[in-house]
Every structure is written in C-alpha cells, then in structure tokens.
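Read through the structure below, which is laid out as structure tokens, and then see the notes.
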Amino acid sequence: MSFGALGVLREQGGLAGRGAGRGEALLAVAVVIIFKTTDVPNFAQGEVFMVGGYIALFLTLVMGWPYLAVIPVTLAAVALVSGLFQRVVMERVIASKGVGVQMVIATLGLAYALKGMVRQTGLGDTPRSLPPLAPTDAVIIGDAVLTQLDLVILAVAVGVMLLLFFMFTYTRVGRAMRAVGMNPKAARLVGVNLARIRMMVWALSGLISAVAALLITPKILITPDIGHIAILAYAAAIVGGITSLPGAVVGGFVIGVAENLVGLFISTNAIVVAPFVAIMVVLLLRPQGLLGGKLQVKKV
C-alpha cells in the first residue's frame, strides 16, 4: 500500500472517528455534569439515552406525531424521569447517610428498571431507527467523507459544552451547582437548596442524553441493549477529564478516532478494545485526564 493511500485512510479514519466520537462526547458531557456536582457516577446514563430514543420512537410510530412535536416532548420527558429519580430515590439514599456505593447501586437499579420497562412495551422486539434530524448527504473534506448529520452532531456537542460552561461560570444556578459539587455543607450554610440543585443537575443530564438520542439513533438501530454506548461515554469522560466539560468533548473525539484508526490499521475485531487501551494509557500518564486540571487528593 502506498504512502498516499495510507494518508487517505488515516484522514478518513480520523474524520470518521470524529463523527463517531461526537455521540460519545454528548453522553460524556451528561456523565461529567452529574459527577462534577455530586461525585456520583451515573451507571444508568446509557439506559436514560435508550429511553429517550424509545419515547421518540413511540410518539413517531405509534402516536403518529410530527417530528417537530416529538422533539420537545422527548426532551421534557427524559429530563423529568431523571429529575424524579434523583428526587425520589437518590435523595432518600442521601438522607439515610448512604455512601457512594449505595448511590451507584441505585443508578444500576434504575438502569435495569428502565430496560425492563422498555422490553415490556414490545417496542424493543424489533430494532428500529428514528428519522434523521438533518440530511445524510455526503460532505467531502479533503479525501475523506462525512455526512451533514455528522456536522450537526459536532455543532450540537460543541454548543452544549459552551452553554454549560457559560451556565456554570456566569449564572447563579450554575455557580450554585459548582458550590454543591465543591462543598455541599458550605453551600447549604449560604442558603443553597441542595435537593433542588441536585434534581436540576440530574434533569439537565437527562435532557442532554435525550438530545444525544435524537441525534445518534438515526445512525444506529435502537434496541433495549443500546445503553452499552455509555461505556464509550465513560471512556471519553475519563480520557478527557471526569470533571472537565471541554475534556468530555475532546475525550469523545479521541475515543472515536482511536476506534476507527485501530479498525483501519489493525483489525475490526480490536475496535472494542481501543477505548480501554486509551483509558489505561491516560490513567498511567495523566490520571486526571487530558483536560482535568491539577491532580487533587481528597481525604476519605
């Protein structure tokens, strides 16, 4: 194979990886905002994403709603489910002096509950896809090819990250969320309603997951087991920095590029290993992630 052909493959793999990584980046952002403010990894993030896809599918196929009406209802429904779970379940775990392990188990319970409910509806019997929000026409960049939907996903991922950065930095609610993440006791002493802020964080995470579902599910088939995509989101968050919003987006791109380059130059069977190799390399060389800032040590 000539060097020119290798260059074309490398460019195609890199751009395709960025296309794949944008979906992971959106979910990684949803993971990061919960961990950033509550120090709890939400292991139901993939299932929340899956539910967003199935709510949109139900409203589109069964109810026959126009897609413009489906979008806001799906976003609101998923945000409501996430917020109510935090308010009803997680707050009780916190009130009972539950530690991180109990809260992680609660998120796993949510994951299995959501998956079970979707299977009971019958919609999960046949894999389906949603109609795309943007045209899927090819866009040629150099010698590589992307779709217009890939570019829309990129714009949305970057836009969500910028909006969240602005909110956390310049708005009162955002600063309250940061305060809760840094020191909940001190935040409560200055008048921050911890339960309300935590519920808002979880609802916001659900909203982002629903956005990711509406954008990504036209590219892949929706099944009750689609939540495994959250593994790649966690990989992206860890690589970029589990507390960094820009890091979540960068980590998504890194994971996507790594997967596609491994598939091109090594083997397609090795693609599933690429995210975990990336995690191990980053944890060895920079444990806080690429954009995670200074390494912090907390007393336990």
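Chain labels A, B, ... are given in the sequence in which chains occur in the structure tokens; within each chain residues are numbered consecutively from 1, and ligands are likewise numbered from 1 in the order shown.
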
_DSSP on the backbone, strand (DSSP E) only: what residues of region 102-241 of chain A does that give? Format it as a VMD selection string._
chain A and resid 138 to 141 144 to 147

*Write out as a ChimeraX atom specification all residues of region 105-300 of chain A that backbone DSSP assigns to alpha helix (DSSP H).*
/A:105-121,148-170,172-182,184-189,194-216,229-240,245-265,274-285

*With a distance cut-off of 10 Å and only C-alpha atoms, select the neighbouring residues of region 221-231 of chain A, excluding the residue or stretch itself and same-chain residues fewer than 5 positions from it, and output the selection as a ChimeraX atom specification.*
/A:23-24,27-28,31,42-51,53-54,57,111,114-119,123-130,213,216,236-237,275-276

Find the spatial neighbours of Val29 (chain A), counting only C-alpha atoms, within a cut-off of 8 Å - ignore same-chain residues fewer than 5 positions away - and output them as a tab-separated table (two decimals) with all heavy atoms, in the first residue's frame.
```
chain	number	residue	atom	x	y	z
A	161	MET	N	-21.59	22.03	25.15
A	161	MET	CA	-20.45	22.26	26.05
A	161	MET	C	-20.28	23.74	26.36
A	161	MET	O	-20.06	24.13	27.51
A	161	MET	CB	-19.18	21.69	25.43
A	161	MET	CG	-17.94	21.77	26.31
A	161	MET	SD	-17.01	23.30	26.04
A	161	MET	CE	-16.46	23.07	24.36
A	205	SER	N	-28.84	16.52	32.95
A	205	SER	CA	-28.13	15.38	32.37
A	205	SER	C	-29.07	14.53	31.51
A	205	SER	O	-28.70	14.08	30.42
A	205	SER	CB	-27.53	14.52	33.49
A	205	SER	OG	-26.93	13.36	32.97
A	208	ILE	N	-29.65	16.30	28.17
A	208	ILE	CA	-28.53	16.13	27.24
A	208	ILE	C	-28.54	14.72	26.65
A	208	ILE	O	-28.28	14.52	25.45
A	208	ILE	CB	-27.20	16.42	27.95
A	208	ILE	CG1	-27.15	17.88	28.38
A	208	ILE	CG2	-26.02	16.11	27.04
A	208	ILE	CD1	-25.98	18.23	29.27
A	237	ALA	N	-15.15	10.43	29.01
A	237	ALA	CA	-15.07	11.31	30.18
A	237	ALA	C	-13.77	11.10	30.95
A	237	ALA	O	-13.14	12.06	31.40
A	237	ALA	CB	-16.27	11.07	31.10
A	245	LEU	N	-15.79	19.74	31.32
A	245	LEU	CA	-16.74	19.72	30.20
A	245	LEU	C	-16.04	19.72	28.85
A	245	LEU	O	-16.37	18.92	27.98
A	245	LEU	CB	-17.70	20.91	30.33
A	245	LEU	CG	-18.67	20.87	31.52
A	245	LEU	CD1	-19.46	22.15	31.62
A	245	LEU	CD2	-19.61	19.68	31.40
A	248	ALA	N	-14.68	16.31	28.18
A	248	ALA	CA	-15.63	15.30	27.74
A	248	ALA	C	-15.75	15.30	26.22
A	248	ALA	O	-15.80	14.23	25.59
A	248	ALA	CB	-17.00	15.55	28.38
A	249	VAL	N	-15.81	16.49	25.63
A	249	VAL	CA	-15.91	16.58	24.17
A	249	VAL	C	-14.62	16.09	23.52
A	249	VAL	O	-14.64	15.30	22.57
A	249	VAL	CB	-16.22	18.03	23.75
A	249	VAL	CG1	-16.27	18.15	22.23
A	249	VAL	CG2	-17.55	18.48	24.35
```

*In Å, rounded to a single decimal, give me how far CA of Glu259 (chain A) is from CA of Val272 (chain A).*
7.4 Å

_I need the residue nearest Leu194 (chain A) from this list: A:Ile266, A:Ile94, A:Val180, A:Leu163. Use only C-alpha atoms for the distance._
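That would be A:Val180, the residue with the smallest distance to Leu194 (chain A).
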
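The two atoms in question, CA of Ile33 (chain A) and CA of Val273 (chain A), are spaced 26.1 Å apart.
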
_Could you list, as a list of chain:residue names, every residue within 8 Å of region 285-289 of chain A, counting only C-alpha atoms and ignoring same-chain residues fewer than 6 positions away?_
A:Ile238, A:Val239, A:Gly240, A:Gly241, A:Ile242, A:Gly247, A:Leu295

*Measuring atom to atom with only C-alpha atoms, identify which of A:Ala258, A:Met63, A:Ala77, A:Ile153 is nearest to Gly206 (chain A).*
A:Ala77
